[in-house]
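Note: the block below is input-v5.txt and it holds compact mmCIF, C-alpha atoms.
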# COMPACT_ATOMS: atom_id res chain seq x y z
CA MET A 16 23.28 25.03 12.51
CA HIS A 17 26.08 22.50 12.02
CA LYS A 18 27.94 20.63 14.70
CA VAL A 19 31.37 19.17 14.09
CA SER A 20 32.78 16.47 16.33
CA LYS A 21 35.99 14.53 16.25
CA THR A 22 35.87 10.78 16.75
CA GLY A 23 39.05 8.80 16.47
CA GLY A 24 40.84 11.42 14.41
CA MET A 25 37.96 11.78 11.90
CA GLN A 26 35.63 14.73 11.64
CA LYS A 27 31.88 14.05 11.65
CA SER A 28 29.43 16.72 10.58
CA SER A 29 25.71 16.60 11.35
CA LEU A 30 22.85 19.00 10.87
CA ILE A 31 21.14 20.11 14.07
CA LEU A 32 17.50 21.11 13.60
CA PRO A 33 15.32 22.94 16.09
CA VAL A 34 12.84 20.66 17.90
CA HIS A 35 9.77 21.87 15.99
CA ALA A 36 11.52 21.24 12.66
CA ARG A 37 12.51 17.71 13.74
CA ILE A 38 8.90 16.97 14.81
CA PHE A 39 7.61 18.27 11.47
CA LEU A 40 10.14 16.16 9.56
CA VAL A 41 9.19 13.00 11.49
CA MET A 42 5.47 13.65 10.96
CA PHE A 43 6.06 14.24 7.25
CA LEU A 44 8.02 11.00 6.88
CA ILE A 45 5.35 9.01 8.78
CA SER A 46 2.51 10.44 6.69
CA PHE A 47 4.48 9.81 3.50
CA GLU A 48 5.10 6.18 4.53
CA CYS A 49 1.44 5.68 5.49
CA ALA A 50 0.24 7.17 2.20
CA THR A 51 2.64 4.90 0.29
CA CYS A 52 1.47 1.84 2.27
CA MET A 53 -2.20 2.70 1.80
CA HIS A 54 -1.69 3.15 -1.92
CA ALA A 55 0.07 -0.20 -2.17
CA LEU A 56 -2.59 -1.94 -0.07
CA SER A 57 -5.74 -0.30 -1.40
CA ILE A 58 -8.97 -2.25 -1.42
CA GLU A 59 -10.40 -2.91 -4.85
CA GLU A 60 -13.46 -4.81 -5.97
CA ILE A 61 -12.83 -7.90 -8.06
CA VAL A 62 -15.33 -8.64 -10.80
CA VAL A 63 -16.61 -12.21 -10.57
CA LYS A 64 -17.38 -13.14 -14.15
CA ASN A 65 -19.33 -16.37 -13.84
CA LYS A 66 -21.58 -18.09 -11.35
CA SER A 67 -19.35 -21.14 -11.05
CA ASP A 68 -16.50 -18.95 -9.75
CA LEU A 69 -18.90 -17.28 -7.30
CA GLU A 70 -20.03 -20.70 -6.04
CA LYS A 71 -16.41 -21.75 -5.43
CA ILE A 72 -15.72 -18.52 -3.53
CA VAL A 73 -18.84 -18.90 -1.39
CA VAL A 74 -18.10 -22.57 -0.61
CA GLU A 75 -14.54 -21.68 0.45
CA GLU A 76 -15.76 -18.81 2.63
CA ILE A 77 -19.13 -20.22 3.77
CA SER A 78 -18.61 -19.11 7.39
CA LYS A 79 -18.76 -15.47 6.24
CA ILE A 80 -22.34 -16.06 5.18
CA GLU A 81 -23.39 -17.61 8.47
CA SER A 82 -21.51 -19.29 11.26
CA GLY A 83 -22.31 -23.00 11.56
CA LEU A 84 -23.17 -23.63 7.89
CA THR A 85 -21.82 -26.87 6.42
CA VAL A 86 -21.88 -27.41 2.66
CA ILE A 87 -23.64 -30.62 1.60
CA GLY A 88 -23.20 -30.05 -2.13
CA ARG A 89 -23.35 -27.65 -5.03
CA GLN A 90 -24.97 -27.74 -8.45
CA ILE A 91 -27.42 -30.41 -7.31
CA PRO A 92 -30.14 -31.04 -9.91
CA THR A 93 -33.65 -31.36 -8.47
CA ASN A 94 -35.33 -31.96 -11.85
CA ASP A 95 -34.60 -31.45 -15.55
CA SER A 96 -34.75 -27.66 -15.31
CA THR A 97 -33.81 -26.82 -11.71
CA THR A 98 -30.44 -26.95 -9.96
CA ILE A 99 -29.54 -26.01 -6.39
CA ASP A 100 -26.60 -23.61 -6.40
CA ILE A 101 -25.42 -24.62 -2.91
CA LEU A 102 -27.15 -26.87 -0.36
CA CYS A 103 -26.07 -26.57 3.27
CA GLN A 104 -27.16 -27.49 6.74
CA ASP A 105 -26.94 -25.12 9.67
CA TYR A 106 -25.72 -25.86 13.21
CA ASN A 107 -29.18 -27.33 14.05
CA GLY A 108 -29.17 -29.59 10.98
CA GLN A 109 -31.79 -27.48 9.21
CA LEU A 110 -31.40 -27.56 5.42
CA VAL A 111 -30.41 -24.24 3.87
CA VAL A 112 -30.67 -23.48 0.14
CA LEU A 113 -28.27 -20.80 -1.11
CA LYS A 114 -29.37 -19.10 -4.30
CA LEU A 115 -26.62 -16.97 -5.87
CA SER A 116 -26.66 -14.23 -8.47
CA LEU A 117 -23.97 -12.13 -10.17
CA ASN A 118 -26.36 -9.19 -10.44
CA GLU A 119 -29.68 -7.87 -9.19
CA ASP A 120 -32.23 -10.52 -10.15
CA ASN A 121 -35.89 -10.55 -9.07
CA MET A 122 -36.42 -14.10 -10.34
CA MET A 123 -33.90 -15.54 -7.88
CA LEU A 124 -36.47 -15.27 -5.06
CA PHE A 125 -39.07 -17.30 -6.96
CA GLU A 126 -36.49 -19.84 -8.16
CA GLY A 127 -35.21 -20.17 -4.59
CA LEU A 128 -38.73 -20.69 -3.23
CA HIS A 129 -39.38 -23.33 -5.90
CA ILE A 130 -36.17 -25.19 -4.96
CA LEU A 131 -36.98 -24.87 -1.26
CA ASN A 132 -40.41 -26.42 -1.85
CA GLU A 133 -38.79 -29.38 -3.64
CA ILE A 134 -36.19 -29.78 -0.86
CA ASN A 135 -38.88 -29.76 1.81
CA CYS A 136 -40.65 -32.61 -0.01
CA VAL A 137 -37.53 -34.80 -0.04
CA ARG A 138 -35.73 -33.81 3.16
CA ARG A 139 -36.23 -37.26 4.73
CA MET A 140 -34.64 -38.84 1.68
CA LEU A 141 -31.79 -36.31 1.84
CA LYS A 142 -31.20 -37.30 5.45
CA PHE A 143 -31.15 -40.99 4.52
CA PHE A 144 -28.64 -40.55 1.65
CA ASN A 145 -26.41 -38.07 3.51
CA LYS A 146 -25.71 -39.96 6.73
CA ASN A 147 -22.41 -38.13 7.23
CA HIS A 148 -24.44 -34.94 7.76
CA LYS A 149 -26.77 -34.47 10.72
CA ILE A 150 -29.76 -33.27 8.72
CA ASN A 151 -32.83 -32.37 10.76
CA ASP A 152 -35.71 -33.73 8.68
CA LYS A 153 -38.35 -32.37 11.10
CA GLU A 154 -37.73 -28.70 10.30
CA PRO A 155 -38.51 -27.18 6.89
CA GLY A 156 -35.57 -25.78 5.00
CA ARG A 157 -34.78 -22.13 4.70
CA LEU A 158 -33.52 -19.88 1.92
CA ILE A 159 -30.52 -17.57 1.64
CA LEU A 160 -30.27 -15.24 -1.35
CA LEU A 161 -26.84 -13.84 -2.16
CA ALA A 162 -26.53 -11.03 -4.72
CA PRO A 163 -24.58 -7.77 -5.14
CA SER A 164 -27.85 -5.86 -4.58
CA PHE A 165 -31.60 -6.37 -4.36
CA SER A 166 -34.43 -4.45 -5.99
CA ASN A 167 -37.14 -2.76 -3.95
CA ASP A 168 -39.67 -5.20 -5.45
CA LEU A 169 -37.74 -8.26 -4.29
CA LEU A 170 -37.28 -6.77 -0.80
CA ALA A 171 -41.00 -5.98 -0.50
CA ILE A 172 -42.07 -9.44 -1.67
CA ALA A 173 -39.55 -11.25 0.55
CA ASN A 174 -40.67 -9.15 3.51
CA GLY A 175 -44.28 -10.14 2.85
CA ILE A 176 -43.58 -13.88 2.91
CA SER A 177 -43.98 -14.96 6.51
CA SER A 178 -44.18 -18.73 6.12
CA VAL A 179 -40.58 -19.15 4.92
CA ARG A 180 -37.42 -18.01 6.66
CA ILE A 181 -35.51 -15.97 4.06
CA ALA A 182 -32.17 -14.24 4.57
CA LEU A 183 -30.65 -11.80 2.11
CA TYR A 184 -26.95 -10.96 1.82
CA GLU A 185 -25.25 -8.53 -0.51
CA TRP A 186 -21.79 -9.65 -1.61
CA GLU A 187 -18.55 -8.11 -2.86
CA TYR A 188 -15.31 -9.88 -3.70
CA LEU A 189 -12.37 -7.70 -2.71
CA ARG A 190 -8.59 -7.60 -3.06
CA PHE A 191 -6.38 -6.07 -0.35
CA GLY A 192 -2.73 -6.29 -1.31
CA ASP A 193 -2.08 -9.96 -2.11
CA ASN A 194 -5.23 -11.15 -0.28
CA LYS A 195 -8.70 -11.76 -1.68
CA ALA A 196 -11.83 -12.04 0.43
CA LEU A 197 -15.56 -12.33 0.13
CA ARG A 198 -17.38 -9.56 1.99
CA VAL A 199 -21.04 -10.16 2.77
CA THR A 200 -23.53 -7.79 4.32
CA PRO A 201 -26.81 -9.08 5.75
CA ILE A 202 -29.86 -7.15 4.60
CA SER A 203 -32.61 -6.70 7.18
CA LEU A 204 -35.91 -7.14 5.34
CA SER A 205 -37.88 -4.89 7.70
CA GLN A 206 -35.31 -2.08 7.56
CA ALA A 207 -34.73 -2.45 3.81
CA SER A 208 -38.39 -2.12 2.87
CA ASN A 209 -38.71 0.97 5.10
CA ASN A 210 -35.51 2.66 3.85
CA ARG A 211 -35.68 2.04 0.10
Represent the structure from my file as structure tokens, please.
Amino acid sequence: MHKVSKTGGMQKSSLILPVHARIFLVMFLISFECATCMHALSIEEIVVKNKSDLEKIVVEEISKIESGLTVIGRQIPTNDSTTIDILCQDYNGQLVVLKLSLNEDNMMLFEGLHILNEINCVRRMLKFFNKNHKINDKEPGRLILLAPSFSNDLLAIANGISSVRIALYEWEYLRFGDNKALRVTPISLSQASNNR
């Protein structure tokens, strides 16, 4: 159905649609726009190619790992063959060793425990040389492992260690439109060993 109107000597023609057709047309246009927006802003995983890049990402987004963490340093050598990926302190001043991996790696738990043992032996010295940080030298350090996934063996072993506080986080680095972000998911040791 067409409607013709005269405005100021000019004819204007418009198409008049029944209400249900107008509703359908509006819904179609909205869904088309949403589909176009979602396609343009899809979430995709970004491949992190080297550990140094992962360390930089984690340092920049440390609060996503745990609220209250403060980075003390990264790539800190403890001896000729061992280096701390990232050393932090938490809100209580407790030292926290972050051990990172680009893939599933069972050895990262043992390497992290080795580093944690060395840190616990020198935590008073760390407090002395890092006066700008409020390091609590009375509490032993703790360990955070950060990897894209963990094997059942690592989960079972970590769950069996009761004398050390260990936290596991799986990570993904994602792009959403023009934004990039680290996404971390905490892994509950008790649930993980029961579910896997």
- request: Go ahead and compute the interatomic distance for CA of Ile176 in chain A and CA of Thr98 in chain A, in Å to one decimal.
  value: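 Calculated distance between CA of Ile176 in chain A and CA of Thr98 in chain A is 22.6 Å.
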Residues within 9 Å of range 124-134 of chain A, all atoms listed in the file, excluding chain neighbours under 4 positions, as a count of residues only: 22
- request: Please check which residues have atoms at most 9 Å from (-15.7, -29.1, -4.9) in the file's coordinates, counting all atoms listed in the file, and write them as a PyMOL selection string.
  value: chain A and resi 71+74+88-89
message: Can you measure CA of Pro163 in chain A to CA of Tyr188 in chain A for me? One decimal in Å is fine.
response: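 Separation between CA of Pro163 in chain A and CA of Tyr188 in chain A: 9.6 Å.
CA of Gln104 in chain A is positioned 14.5 Å from CA of Val73 in chain A.
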- prompt: Which residues, written as a list of chain:residue names, have at least one atom at most 10 Å from Gly108 in chain A, with all atoms listed in the file counted and residues fewer than 2 positions away on the same chain left out?
  reply: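 What passes the distance filter is A:Gly83, A:Leu84, A:Thr85, A:Cys103, A:Gln104, A:Asp105, A:Tyr106, A:Leu110, A:Val111, A:Lys142, A:His148, A:Lys149, A:Ile150, A:Asn151, A:Asp152, A:Lys153, A:Glu154, A:Gly156.
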- request: Find the residues around range 194-205 of chain A up to 12 Å (all atoms listed in the file counted), leave out those fewer than 4 positions away in its own chain, and share them as an MDAnalysis selection string.
  value: chainID A and resid 56:63 68:81 159:177 180:190 209:211
